[in-house]
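Novice: What follows is work_18.txt, compact mmCIF, C-alpha atoms and all ligand atoms.
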```txt
# COMPACT_ATOMS: atom_id res chain seq x y z
CA MET A 730 -20.90 -10.29 79.23
CA SER A 731 -18.79 -13.21 78.14
CA GLY A 732 -20.32 -15.60 75.69
CA GLU A 733 -18.62 -18.93 75.38
CA HIS A 734 -16.70 -19.24 72.19
CA VAL A 735 -16.78 -22.82 71.13
CA GLY A 736 -14.65 -22.33 68.07
CA GLU A 737 -15.01 -24.95 65.37
CA THR A 738 -18.37 -26.57 65.04
CA VAL A 739 -18.16 -30.30 65.51
CA ASP A 740 -19.21 -31.87 62.25
CA THR A 741 -21.89 -34.01 63.72
CA VAL A 742 -22.83 -34.49 67.28
CA ALA A 743 -25.13 -37.17 68.41
CA ALA A 744 -25.91 -35.35 71.61
CA ALA A 745 -28.30 -36.11 74.29
CA ASP A 746 -29.37 -38.78 76.59
CA VAL A 747 -32.04 -38.31 79.13
CA ALA A 748 -34.41 -40.22 81.22
CA ALA A 749 -37.43 -38.09 80.46
CA SER A 750 -38.62 -35.21 78.36
CA ALA A 751 -40.86 -32.58 79.80
CA GLY A 752 -44.12 -34.39 80.46
CA ASP A 753 -46.12 -32.07 78.20
CA GLY A 754 -44.22 -33.09 75.07
CA THR A 755 -42.03 -29.99 75.03
CA VAL A 756 -38.75 -30.91 73.37
CA ILE A 757 -37.01 -27.52 73.29
CA GLU A 758 -37.79 -24.49 75.40
CA LEU A 759 -36.01 -21.14 75.33
CA SER A 760 -36.92 -18.42 77.83
CA ASP A 761 -35.59 -14.87 77.33
CA VAL A 762 -32.38 -16.20 75.84
CA GLU A 763 -29.56 -13.82 75.00
CA PHE A 764 -26.12 -14.76 73.72
CA GLY A 765 -23.11 -13.04 72.17
CA TYR A 766 -19.65 -14.26 71.24
CA THR A 767 -18.44 -10.80 72.25
CA ALA A 768 -20.13 -8.01 74.19
CA THR A 769 -22.62 -7.56 71.33
CA PRO A 770 -25.53 -10.00 71.45
CA VAL A 771 -25.95 -12.21 68.40
CA VAL A 772 -29.39 -13.34 69.56
CA GLU A 773 -31.61 -11.72 72.16
CA ASP A 774 -35.15 -11.81 73.58
CA ILE A 775 -35.67 -15.34 72.35
CA SER A 776 -38.58 -17.19 73.93
CA LEU A 777 -40.09 -20.17 72.15
CA SER A 778 -40.87 -23.82 72.58
CA ILE A 779 -40.94 -26.76 70.21
CA THR A 780 -43.19 -29.73 70.82
CA ALA A 781 -42.64 -33.38 69.93
CA GLY A 782 -43.66 -34.17 66.36
CA GLU A 783 -43.30 -30.68 64.93
CA TYR A 784 -41.49 -29.86 61.68
CA VAL A 785 -39.89 -26.45 62.14
CA ALA A 786 -37.72 -24.38 59.80
CA VAL A 787 -35.50 -21.55 61.02
CA VAL A 788 -34.96 -18.88 58.36
CA GLY A 789 -33.12 -15.57 58.36
CA PRO A 790 -30.40 -13.62 56.55
CA ASN A 791 -26.75 -14.63 56.64
CA GLY A 792 -25.27 -13.90 60.04
CA SER A 793 -28.70 -13.50 61.66
CA GLY A 794 -27.88 -16.01 64.40
CA LYS A 795 -29.56 -19.16 63.11
CA SER A 796 -26.68 -21.56 63.77
CA THR A 797 -26.05 -19.87 67.09
CA LEU A 798 -29.70 -20.34 68.04
CA LEU A 799 -29.51 -24.03 67.17
CA GLN A 800 -26.39 -24.46 69.25
CA LEU A 801 -28.09 -22.74 72.19
CA MET A 802 -31.07 -25.05 71.79
CA LEU A 803 -28.77 -28.07 71.82
CA GLY A 804 -26.67 -26.90 74.75
CA LEU A 805 -23.51 -26.57 72.65
CA LEU A 806 -23.55 -22.92 73.72
CA LYS A 807 -24.81 -21.58 77.02
CA PRO A 808 -27.00 -18.47 77.12
CA ASP A 809 -25.49 -15.34 78.67
CA SER A 810 -28.91 -14.81 80.18
CA GLY A 811 -32.20 -16.65 80.07
CA GLU A 812 -32.57 -20.40 79.90
CA ALA A 813 -32.48 -23.13 77.26
CA ARG A 814 -34.05 -26.49 78.08
CA LEU A 815 -33.82 -29.68 76.05
CA PHE A 816 -36.15 -32.57 76.85
CA GLY A 817 -36.88 -30.79 80.11
CA GLU A 818 -33.23 -30.53 81.19
CA PRO A 819 -30.97 -27.44 81.09
CA ALA A 820 -29.68 -27.82 77.52
CA HIS A 821 -25.98 -27.37 78.34
CA ARG A 822 -26.16 -30.19 80.90
CA PHE A 823 -27.98 -32.55 78.63
CA ASP A 824 -26.25 -35.92 78.37
CA ASP A 825 -25.59 -37.88 75.21
CA GLY A 826 -27.82 -40.87 74.74
CA GLY A 827 -29.26 -40.99 71.25
CA ARG A 828 -32.47 -39.02 71.62
CA LEU A 829 -31.03 -36.18 69.62
CA GLY A 830 -29.43 -36.39 66.20
CA TYR A 831 -27.59 -33.25 65.11
CA VAL A 832 -26.24 -32.82 61.61
CA ALA A 833 -24.13 -29.66 61.66
CA GLN A 834 -23.58 -27.22 58.81
CA HIS A 835 -21.54 -28.63 55.92
CA ALA A 836 -21.40 -32.00 57.65
CA SER A 837 -18.17 -33.38 56.40
CA ALA A 838 -15.47 -35.79 57.26
CA SER A 839 -11.75 -35.41 57.40
CA LYS A 840 -10.22 -36.61 54.13
CA GLU A 841 -8.03 -39.00 56.05
CA MET A 842 -10.92 -40.50 57.98
CA PRO A 843 -10.78 -44.20 57.01
CA ILE A 844 -14.24 -44.93 58.27
CA THR A 845 -17.09 -46.59 56.40
CA VAL A 846 -20.74 -45.59 56.30
CA ARG A 847 -21.65 -48.63 58.39
CA GLU A 848 -19.09 -47.68 61.03
CA VAL A 849 -20.56 -44.18 61.20
CA VAL A 850 -24.07 -45.57 61.60
CA ASN A 851 -22.87 -48.11 64.17
CA MET A 852 -21.85 -45.12 66.32
CA GLY A 853 -25.53 -44.33 66.71
CA ARG A 854 -25.83 -47.50 68.80
CA PHE A 855 -22.96 -46.66 71.14
CA PRO A 856 -25.06 -44.71 73.67
CA HIS A 857 -27.31 -47.75 73.94
CA VAL A 858 -24.80 -50.57 74.14
CA GLY A 859 -21.33 -49.26 74.89
CA PHE A 860 -18.35 -49.04 72.54
CA GLY A 861 -17.47 -52.06 70.47
CA ARG A 862 -20.35 -54.19 71.67
CA LEU A 863 -22.90 -54.35 68.93
CA TRP A 864 -25.17 -57.36 69.15
CA GLU A 865 -27.24 -58.96 66.42
CA GLU A 866 -30.24 -56.78 67.26
CA ASP A 867 -28.07 -53.67 67.02
CA ARG A 868 -26.84 -54.73 63.60
CA GLU A 869 -30.45 -55.17 62.51
CA ILE A 870 -31.24 -51.66 63.71
CA VAL A 871 -28.21 -50.33 61.80
CA ASP A 872 -29.30 -52.20 58.65
CA GLY A 873 -32.79 -50.78 59.07
CA ALA A 874 -31.47 -47.24 59.44
CA LEU A 875 -29.30 -47.64 56.32
CA ALA A 876 -32.31 -48.94 54.38
CA THR A 877 -34.54 -46.10 55.60
CA VAL A 878 -32.19 -43.47 54.21
CA GLY A 879 -31.52 -45.46 51.02
CA MET A 880 -27.86 -46.09 51.80
CA SER A 881 -27.69 -49.89 52.12
CA ALA A 882 -25.69 -50.19 48.93
CA PHE A 883 -23.10 -47.74 50.27
CA ALA A 884 -22.65 -49.37 53.67
CA ASP A 885 -19.06 -50.41 53.05
CA ARG A 886 -18.05 -47.24 51.22
CA ARG A 887 -15.77 -44.81 53.02
CA ILE A 888 -17.62 -41.78 54.26
CA THR A 889 -15.12 -39.55 52.44
CA GLN A 890 -16.09 -41.13 49.12
CA LEU A 891 -19.71 -39.98 49.27
CA SER A 892 -21.47 -37.02 47.73
CA GLY A 893 -22.73 -34.29 50.06
CA GLY A 894 -26.27 -35.66 49.96
CA GLN A 895 -25.18 -39.23 50.59
CA ARG A 896 -23.09 -38.09 53.53
CA GLN A 897 -26.08 -36.26 55.01
CA ARG A 898 -28.10 -39.45 54.68
CA ALA A 899 -25.37 -41.43 56.44
CA PHE A 900 -25.41 -38.98 59.36
CA ILE A 901 -29.20 -39.16 59.49
CA ALA A 902 -28.93 -42.96 59.53
CA ARG A 903 -26.63 -42.66 62.51
CA ALA A 904 -29.28 -40.58 64.28
CA LEU A 905 -31.94 -43.14 63.39
CA ALA A 906 -29.76 -45.99 64.66
CA GLY A 907 -29.56 -44.04 67.91
CA GLU A 908 -33.37 -43.92 67.97
CA ALA A 909 -33.34 -40.13 67.79
CA GLU A 910 -36.60 -38.41 68.66
CA LEU A 911 -35.34 -35.03 67.54
CA LEU A 912 -33.44 -34.45 64.32
CA VAL A 913 -31.68 -31.10 64.01
CA LEU A 914 -30.09 -30.12 60.71
CA ASP A 915 -28.14 -26.97 59.86
CA GLU A 916 -28.62 -26.20 56.16
CA PRO A 917 -28.75 -29.86 55.22
CA THR A 918 -29.02 -29.43 51.47
CA VAL A 919 -26.06 -27.11 50.96
CA GLY A 920 -23.76 -28.97 48.58
CA VAL A 921 -26.46 -31.47 47.65
CA ASP A 922 -27.27 -31.71 43.95
CA ALA A 923 -30.69 -30.44 42.92
CA GLU A 924 -32.01 -33.87 41.97
CA SER A 925 -31.25 -35.28 45.39
CA VAL A 926 -32.76 -32.37 47.29
CA GLN A 927 -36.37 -33.38 46.65
CA ALA A 928 -35.68 -36.97 47.69
CA PHE A 929 -33.90 -35.67 50.76
CA TYR A 930 -36.95 -33.65 51.81
CA GLU A 931 -39.16 -36.67 51.20
CA LEU A 932 -36.94 -38.60 53.59
CA LEU A 933 -37.24 -35.89 56.25
CA GLN A 934 -41.01 -35.82 55.73
CA SER A 935 -41.27 -39.58 56.15
CA LEU A 936 -39.24 -39.40 59.36
CA ASN A 937 -41.49 -36.62 60.64
CA ASP A 938 -44.53 -38.74 59.71
CA ARG A 939 -43.05 -41.43 61.97
CA GLY A 940 -43.14 -38.96 64.85
CA ILE A 941 -39.57 -37.64 64.78
CA THR A 942 -39.40 -33.92 65.52
CA VAL A 943 -37.55 -32.15 62.70
CA LEU A 944 -35.83 -28.80 63.19
CA LEU A 945 -33.74 -27.36 60.41
CA ILE A 946 -32.12 -24.20 59.16
CA GLU A 947 -32.98 -23.70 55.53
CA HIS A 948 -32.12 -21.05 52.97
CA ASP A 949 -34.39 -22.43 50.28
CA LEU A 950 -37.71 -20.72 50.92
CA GLY A 951 -39.47 -23.03 48.47
CA ALA A 952 -38.41 -26.04 50.52
CA VAL A 953 -39.53 -24.30 53.70
CA THR A 954 -43.01 -23.50 52.45
CA GLU A 955 -43.43 -26.94 50.92
CA HIS A 956 -42.35 -29.01 53.88
CA ALA A 957 -42.17 -27.17 57.20
CA GLU A 958 -45.36 -26.67 59.16
CA ARG A 959 -43.87 -23.91 61.28
CA VAL A 960 -41.37 -21.15 60.57
CA ILE A 961 -39.15 -19.25 62.97
CA CYS A 962 -37.84 -16.16 61.18
CA LEU A 963 -34.79 -14.75 62.90
CA ASN A 964 -32.61 -11.72 62.68
CA ARG A 965 -31.05 -11.46 66.12
CA GLU A 966 -34.61 -11.41 67.46
CA VAL A 967 -37.55 -13.54 66.39
CA TYR A 968 -39.47 -11.69 63.65
CA PHE A 969 -42.03 -14.43 63.15
CA ASP A 970 -42.87 -17.72 64.81
CA GLY A 971 -45.94 -19.55 63.62
CA PRO A 972 -47.58 -21.65 60.90
CA THR A 973 -45.89 -21.59 57.50
CA ASP A 974 -48.97 -20.35 55.63
CA GLU A 975 -49.24 -17.38 58.00
CA PHE A 976 -45.55 -16.70 57.51
CA VAL A 977 -46.00 -16.58 53.75
CA GLU A 978 -48.84 -14.08 54.17
CA SER A 979 -46.95 -11.95 56.69
CA ASP A 980 -44.42 -9.15 56.11
CA ALA A 981 -41.93 -10.82 58.49
CA LEU A 982 -39.63 -11.85 55.68
CA GLY A 983 -39.24 -8.32 54.36
CA ARG A 984 -38.73 -6.92 57.85
CA ALA A 985 -36.17 -9.55 58.83
CA PHE A 986 -34.23 -9.32 55.58
CA GLY A 987 -34.49 -5.60 55.04
CA THR A 988 -36.30 -6.33 51.80
CA ALA A 989 -37.78 -9.55 50.51
CA ALA A 990 -35.92 -8.97 47.25
CA ASN A 991 -32.65 -9.12 49.15
CA PHE A 992 -33.56 -12.45 50.60
CA LEU A 993 -34.70 -13.92 47.33
CA GLY A 994 -31.47 -12.68 45.81
CA GLU A 995 -29.60 -14.81 48.34
CA GLN A 996 -31.29 -18.02 47.32
CA LYS A 997 -28.78 -20.67 46.39
N1 LIG B 1001 -17.64 -19.08 66.89
C1 LIG B 1001 -17.89 -17.79 66.69
N2 LIG B 1001 -17.13 -16.83 67.23
C2 LIG B 1001 -17.38 -15.52 67.04
N3 LIG B 1001 -18.40 -15.06 66.30
C3 LIG B 1001 -19.21 -15.95 65.74
C4 LIG B 1001 -19.00 -17.36 65.89
N4 LIG B 1001 -19.97 -18.02 65.20
C5 LIG B 1001 -20.73 -17.06 64.64
N5 LIG B 1001 -20.29 -15.83 64.96
C6 LIG B 1001 -20.91 -14.56 64.56
O1 LIG B 1001 -22.23 -14.54 65.09
C7 LIG B 1001 -23.16 -14.02 64.14
C8 LIG B 1001 -24.26 -15.05 63.86
O2 LIG B 1001 -23.66 -16.17 63.23
P1 LIG B 1001 -24.49 -17.46 62.91
O3 LIG B 1001 -23.53 -18.44 62.30
O4 LIG B 1001 -25.25 -17.89 64.09
O5 LIG B 1001 -25.50 -16.90 61.80
P2 LIG B 1001 -26.33 -17.69 60.70
O6 LIG B 1001 -27.64 -17.02 60.64
O7 LIG B 1001 -26.33 -19.14 60.98
O8 LIG B 1001 -25.48 -17.37 59.39
P3 LIG B 1001 -25.40 -18.12 57.97
O9 LIG B 1001 -26.77 -18.07 57.38
O10 LIG B 1001 -24.43 -17.28 57.22
O11 LIG B 1001 -24.92 -19.52 58.24
C9 LIG B 1001 -22.34 -13.65 62.91
O12 LIG B 1001 -22.07 -12.28 62.98
C10 LIG B 1001 -21.09 -14.47 63.06
O13 LIG B 1001 -20.01 -13.82 62.45
```
Just dump the structure as structure tokens.
Ligand SMILES: Nc1ncnc2c1ncn2[C@@H]1O[C@H](COP(=O)(O)OP(=O)(O)OP(=O)(O)O)[C@@H](O)[C@H]1O

Specialist:
Amino acid sequence: MSGEHVGETVDTVAAADVAASAGDGTVIELSDVEFGYTATPVVEDISLSITAGEYVAVVGPNGSGKSTLLQLMLGLLKPDSGEARLFGEPAHRFDDGGRLGYVAQHASASKEMPITVREVVNMGRFPHVGFGRLWEEDREIVDGALATVGMSAFADRRITQLSGGQRQRAFIARALAGEAELLVLDEPTVGVDAESVQAFYELLQSLNDRGITVLLIEHDLGAVTEHAERVICLNREVYFDGPTDEFVESDALGRAFGTAANFLGEQK
């Protein structure tokens, strides 16, 4: 078995362009997926689907395969066996086009990157208009995206001069400018100050209320139970996949983490 090793995670990837999603509203579909970076599988026996409009949290211990699962879903990794489909297409062949906004773990920017927030958000329009050709209507969409995430006042600030939370908002604005239907976030509130976390989740909720499918990895169980409507609990295999209230009542957490106390001890 030879899993693809993609090395460094790209900080943010606005992946995905397609003509059509699966007609039944399925956004992501995994069938019997197995993947390992070496001969040992990191995830196996994964079958699940995510439908348009859902708000799904992936939880699990450190090293349980959450980021790997996300990258398989997005086609950034290719399963060793089984199949991953994104908007009805094989995920690894999915073309960039704005439907998907991906904010990777510790989304950051190179310190030398002399790029402003507006320029980052402008990039969201590129799949729609082509490089360097933003028209008035595109600028209005960019302004709207900046306003939606509360970053209008920071539009001309360099991306490197933002806090972690502000940077996350800028990357979300880029996804919104691209008219993303699916927003995927890998531990979005790591490095975000506590006061901003609540506002950040309110933003995600408002985007989900507008019909955007939200899929995120989250360590903060409180945030998961408060906001996500569905939980996928992972530790190489899926230990639980279902409504959040059923997850809370279940023993999946303890089984996946060894003990629930362990997990709670990991809370940041
Ligand atoms: N690029 C890579 N090359 C080799 N091994 C990797 C790579 N990325 C992750 N792994 C290994 O795969 C396993 C799952 O990692 P993954 O990052 O998917 O877990 P995770 O649940 O997201 O972890 P965390 O909660 O710590 O972010 C770990 O054992 C990790 O060391």

Novice: Calculated over all atoms listed in the file, which of the candidates A:Arg959, A:Lys807, A:Arg939, A:His948 has the smallest distance to ligand LIG 1001 (chain B)?

Specialist: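 Checking each of A:Arg959, A:Lys807, A:Arg939, A:His948 against ligand LIG 1001 (chain B), counting all atoms listed in the file, the winner is A:His948.
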
Novice: Atom CA of A:Glu978 to atom CA of A:Tyr930: how many Å, to one decimal?

Specialist: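 Atom-to-atom, atom CA of A:Glu978 and atom CA of A:Tyr930 are spaced 23.0 Å apart.
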
Novice: Restricting the calculation to only C-alpha atoms: of A:Asp761, A:Asp809, A:Asp980, A:Glu910, which residue gets closest to A:Leu936?

Specialist: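 Looking at the shortest contact to A:Leu936, the residue is A:Glu910.
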
Novice: Do a neighbour search on stretch 845-856 of chain A at 9 Å with all atoms listed in the file, toss out local chain neighbours closer than 3 positions, and write the hits as JSON, numbers by chain.

Specialist: {"A": [743, 746, 825, 826, 827, 830, 842, 859, 860, 861, 862, 863, 867, 868, 870, 871, 872, 874, 875, 880, 881, 883, 884, 885, 886, 887, 888, 889, 896, 899, 900, 901, 902, 903, 904, 905, 906, 907, 908, 909]}

Novice: With only C-alpha atoms as the basis for distance, which of A:Glu955, A:Glu758, A:Glu865, A:Glu773 is at the shortest distance from A:Ser793?

Specialist: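 Using only C-alpha atoms, the shortest distance to A:Ser793 belongs to A:Glu773.
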
Novice: Write out as a PyMOL selection string which residues come within 10 Å of stretch 961-973 of chain A when counting only C-alpha atoms, dropping same-chain ones fewer than 2 positions away.

Specialist: chain A and resi 762-764+770-777+785-795+797-798+946+953-959+975-987

Novice: For a quick check of understanding, using only C-alpha atoms and all ligand atoms, which of A:Leu759, A:Ala882, A:Leu801, A:Leu911 has the smallest distance to ligand LIG 1001 (chain B)?

Specialist: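 Among A:Leu759, A:Ala882, A:Leu801, A:Leu911, it is A:Leu801 that comes nearest to ligand LIG 1001 (chain B).
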
Novice: Let me make sure I understand: among A:Gly879, A:Leu945, A:Ser935, A:Phe823, which one has the smallest atom-to-atom distance to ligand LIG 1001 (chain B) if we use only C-alpha atoms and all ligand atoms?

Specialist: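 For ligand LIG 1001 (chain B), the nearest of the given residues is A:Leu945.
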
Novice: Taking only C-alpha atoms and all ligand atoms into account, which of A:Gln800, A:Ser760, A:Thr755, A:Thr918 comes nearest ligand LIG 1001 (chain B)?

Specialist: A:Gln800

Novice: List every protein, DNA or RNA residue that has an atom no more than 7 Å from (-28.3, -26.4, 53.4) in the file's coordinate frame, counting all atoms listed in the file, and report them as a PyMOL selection string.

Specialist: chain A and resi 915-919+947-948

Novice: Can you sort out the box for ligand LIG 1001 (chain B), edges along x, y and z, all listed atoms in, 8 Å on every side, with centre and edge lengths in Å to one decimal, as lines of an AutoDock Vina configuration file?

Specialist:
```
center_x = -22.4
center_y = -15.9
center_z = 62.2
size_x = 26.5
size_y = 23.2
size_z = 26.0
```

Novice: For a test of reading the model, state the distance in Å between atom CA of A:Thr780 and atom CA of A:Ala833, rounded to one decimal.

Specialist: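 So the answer is 21.1 Å.
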